[in-house]
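*Asks:* Could you have a look at this structure, given as structure tokens, before my questions?
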Amino acid sequence: MIETWLPLLAGLVLLVVGGELLVRGAVQAAERIGISPLVIGLTLVGFGTSMPELVTSVQAGLAGAPGIAYGNIVGSNIANILLIGGVSALICPIIVARAALRRDAVVMLAVTVAFAGLAFFAPMSRGIGVALVSVLVSYIWFVIAQERAAEDGGALHDKSLALASADPTLTPRAGSGRLLVPLLIAVAGLGLVVAGGSLLVSGAVALARGFGVSETVIGLTIVAIGTSMPELVTSVIAALKRQGDVAFGNIVGSNIYNLLGIGGTTALIAPSEVPAQIVRFDAPLMVLVSAVLVLFAATGLRINRWEGLMLIAGYAAYTWILLP
């Protein structure tokens, strides 16, 4: 048992610590170069909490474990909505900004439907990977242009604010100074993330074999929750600080990054078919819970505590169905 759980837990710790160092170093390096704080927030900081999912899914794909790779992506999105959204709303009702609802929540829902449809009709090839990553780059470019013009915020901006709220040193600022130290911090963080992803994947595979559970179920549950811990922490901190709008943007932004960025990169580096269980059940469920989140958010531009309780109950039922 120790040989199974130790790599799993060590991998999760390394992913979280390495992800924070990577983002911290990258943000400081970008500040030294003179990149706009808005661009830093929407890209480096915004993508920071998704690094554990990215590294884990890519390494699982390369290791020939598509169940963990795509289970991590789909499971993380379900956990983001039901578990993280539910806990955040229970702590403090989530206020939904109109900009985040009209633009980002609709994009999240459209991307979720598209991903589920692609998984059903075709294997995740390199061509699909290129298309998904291209859509993400275009979307970020559009958001940066729109927010520079209107300064109306949005989900990707809120996602960066959530991480910065959890760690004020990650707040993008214009600055100057030596570049070497931030680069070394970023490289060290990247090394820890890669090592953590490798340990997490090997531990998850061993856990699946030891308990006679499919790798897909482990990817959808333990791996997905583990790699979603940064989102959970940042959203809970935002909720405790009564920044419910930031919590909503963090969830929506994370789901967009997961499907386009992580799904696309995984398909690009390690193309494979999405396991049948995910195609038939979990991906459609991901679409359903995404629609429920948008519906809750659209009714009164807030997600109340009782709606948060419903989301948590939904996640409890989901894990009960999955686990033997």
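How things are named: the first chain in the structure tokens is A, the next is B, and so on; residues count from 1 in each chain; ligands count from 1 in the order shown.
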Would you mind listing, for every residue of region 225-297 of chain A within 12 Å of region 306-318 of chain A, the two atoms forming the shortest contact and the distance between them in Å to one decimal, using only C-alpha atoms, sorted by chain and ascending residue number, as CSV?
*Replies:*
residue,atom,partner,partner_atom,distance
A:Ile225,CA,A:Tyr315,CA,11.2
A:Phe248,CA,A:Gly308,CA,11.9
A:Phe281,CA,A:Tyr318,CA,10.7
A:Asp282,CA,A:Tyr318,CA,9.4
A:Leu285,CA,A:Tyr318,CA,9.4
A:Met286,CA,A:Tyr318,CA,11.0
A:Leu288,CA,A:Gly314,CA,11.4
A:Val289,CA,A:Leu311,CA,8.7
A:Ser290,CA,A:Leu311,CA,11.0
A:Val292,CA,A:Leu311,CA,9.1
A:Leu293,CA,A:Leu311,CA,8.7
A:Val294,CA,A:Glu307,CA,12.0
A:Leu295,CA,A:Glu307,CA,10.7
A:Phe296,CA,A:Glu307,CA,7.3
A:Ala297,CA,A:Glu307,CA,9.8
*Asks:* Just want the 8 Å neighbourhood of region 183-198 of chain A, counted on only C-alpha atoms, with same-chain residues fewer than 5 positions away dropped. Output as number ranges by chain.
*Replies:* A: 10-26, 29, 51-52, 55-56, 59
*Asks:* Please extract the residues of region 75-267 of chain A with a backbone DSSP assignment of alpha helix (DSSP H) and present them as an NGL selection string.
*Replies:* :A and (75-79 or 85-91 or 98-99 or 106-121 or 126-150 or 155-166 or 180-211 or 215-218 or 224-227 or 229-240 or 244-256 or 263-267)
*Asks:* Report as number ranges by chain all protein, DNA and RNA residues lying within 10 Å of Ile269 (chain A), evaluated on only C-alpha atoms, omitting residues in the same chain fewer than 3 positions from it.
*Replies:* A: 58-59, 61-62, 125-126, 129, 264-266, 272
*Asks:* Measuring between only C-alpha atoms, which one of A:Val279, A:Ile144, A:Ile303, A:Leu220 shows the shortest distance to Gly75 (chain A)?
*Replies:*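 Residue with the minimum atom-to-atom distance to Gly75 (chain A): A:Leu220.
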*Asks:* How far is it from CA of Arg209 (chain A) to CA of Glu53 (chain A), in Å with one decimal?
*Replies:*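 So the two atoms, CA of Arg209 (chain A) and CA of Glu53 (chain A), lie 21.7 Å apart.
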*Asks:* Ile91 (chain A): which residues within 12 Å, counting only C-alpha atoms, same-chain residues fewer than 5 positions away excluded, as a ChimeraX atom specification?
*Replies:* /A:84-86,235-244,247,303-309
*Asks:* Of the residues A:Val274, A:Leu260, A:Ala208, A:Ile251, which is the one nearest to Leu323 (chain A), using only C-alpha atoms?
*Replies:*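 For Leu323 (chain A), the nearest of the given residues is A:Ala208.
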*Asks:* Which one is closest to Ala69 (chain A): A:Ser254, A:Ser88, A:Thr112, A:Thr216? Count only C-alpha atoms.
*Replies:*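 Looking at the shortest contact to Ala69 (chain A), the residue is A:Thr216.
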*Asks:* For Val246 (chain A), which residue among A:Met124, A:Gly34, A:Cys92, A:Ala283 is the nearest when counting only C-alpha atoms?
*Replies:*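 Using only C-alpha atoms, Val246 (chain A) sits closest to A:Cys92.
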*Asks:* Enter the distance from CA of Ser76 (chain A) to CA of Gly212 (chain A), in Å, rounded to one decimal.
*Replies:* 22.2 Å
*Asks:* Quick one: everything within 8 Å of Glu273 (chain A), counting only C-alpha atoms, minus sequence neighbours fewer than 3 positions away in the same chain. Send it as a list of chain:residue names.
*Replies:*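 Result of the neighbour search: A:Pro66, A:Ala119, A:Ala122, A:Pro123, A:Met124.
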*Asks:* Give me the residues within 8 Å of Ser202 (chain A) as a VMD selection string, counting only C-alpha atoms and dropping any in the same chain fewer than 3 places off.
*Replies:* chain A and resid 7 to 8 198 to 199 205 to 206
*Asks:* Selected residues, N, CA and C atoms, written as a short mmCIF file (atom, residue, chain, number, x, y, z; two decimals), in the first residue's frame, please.
*Replies:*
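The resulting file, part38.cif, is reproduced below:
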data_model
loop_
_atom_site.label_atom_id
_atom_site.label_comp_id
_atom_site.auth_asym_id
_atom_site.auth_seq_id
_atom_site.Cartn_x
_atom_site.Cartn_y
_atom_site.Cartn_z
N PRO A 7 4.00 7.40 -4.01
CA PRO A 7 4.23 8.16 -5.25
C PRO A 7 3.07 9.09 -5.59
N LEU A 8 1.84 8.62 -5.31
CA LEU A 8 0.66 9.43 -5.62
C LEU A 8 0.66 10.73 -4.82
N SER A 198 4.99 12.76 -13.25
CA SER A 198 5.44 11.38 -13.47
C SER A 198 5.09 10.49 -12.29
N LEU A 199 5.34 10.99 -11.08
CA LEU A 199 5.01 10.21 -9.88
C LEU A 199 3.50 10.00 -9.75
N VAL A 205 -1.65 4.62 -11.81
CA VAL A 205 -1.72 3.33 -12.52
C VAL A 205 -1.60 2.19 -11.52
N ALA A 206 -0.65 2.31 -10.58
CA ALA A 206 -0.48 1.26 -9.57
C ALA A 206 -1.72 1.14 -8.69
#
*Asks:* Name the closest residue to Tyr70 (chain A) among the candidates A:Ala298, A:Met108, A:Ile95, A:Ala267; distances are taken between atoms, counting only C-alpha atoms.
*Replies:*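 Of the candidates, the smallest distance to Tyr70 (chain A) is held by A:Ala267.
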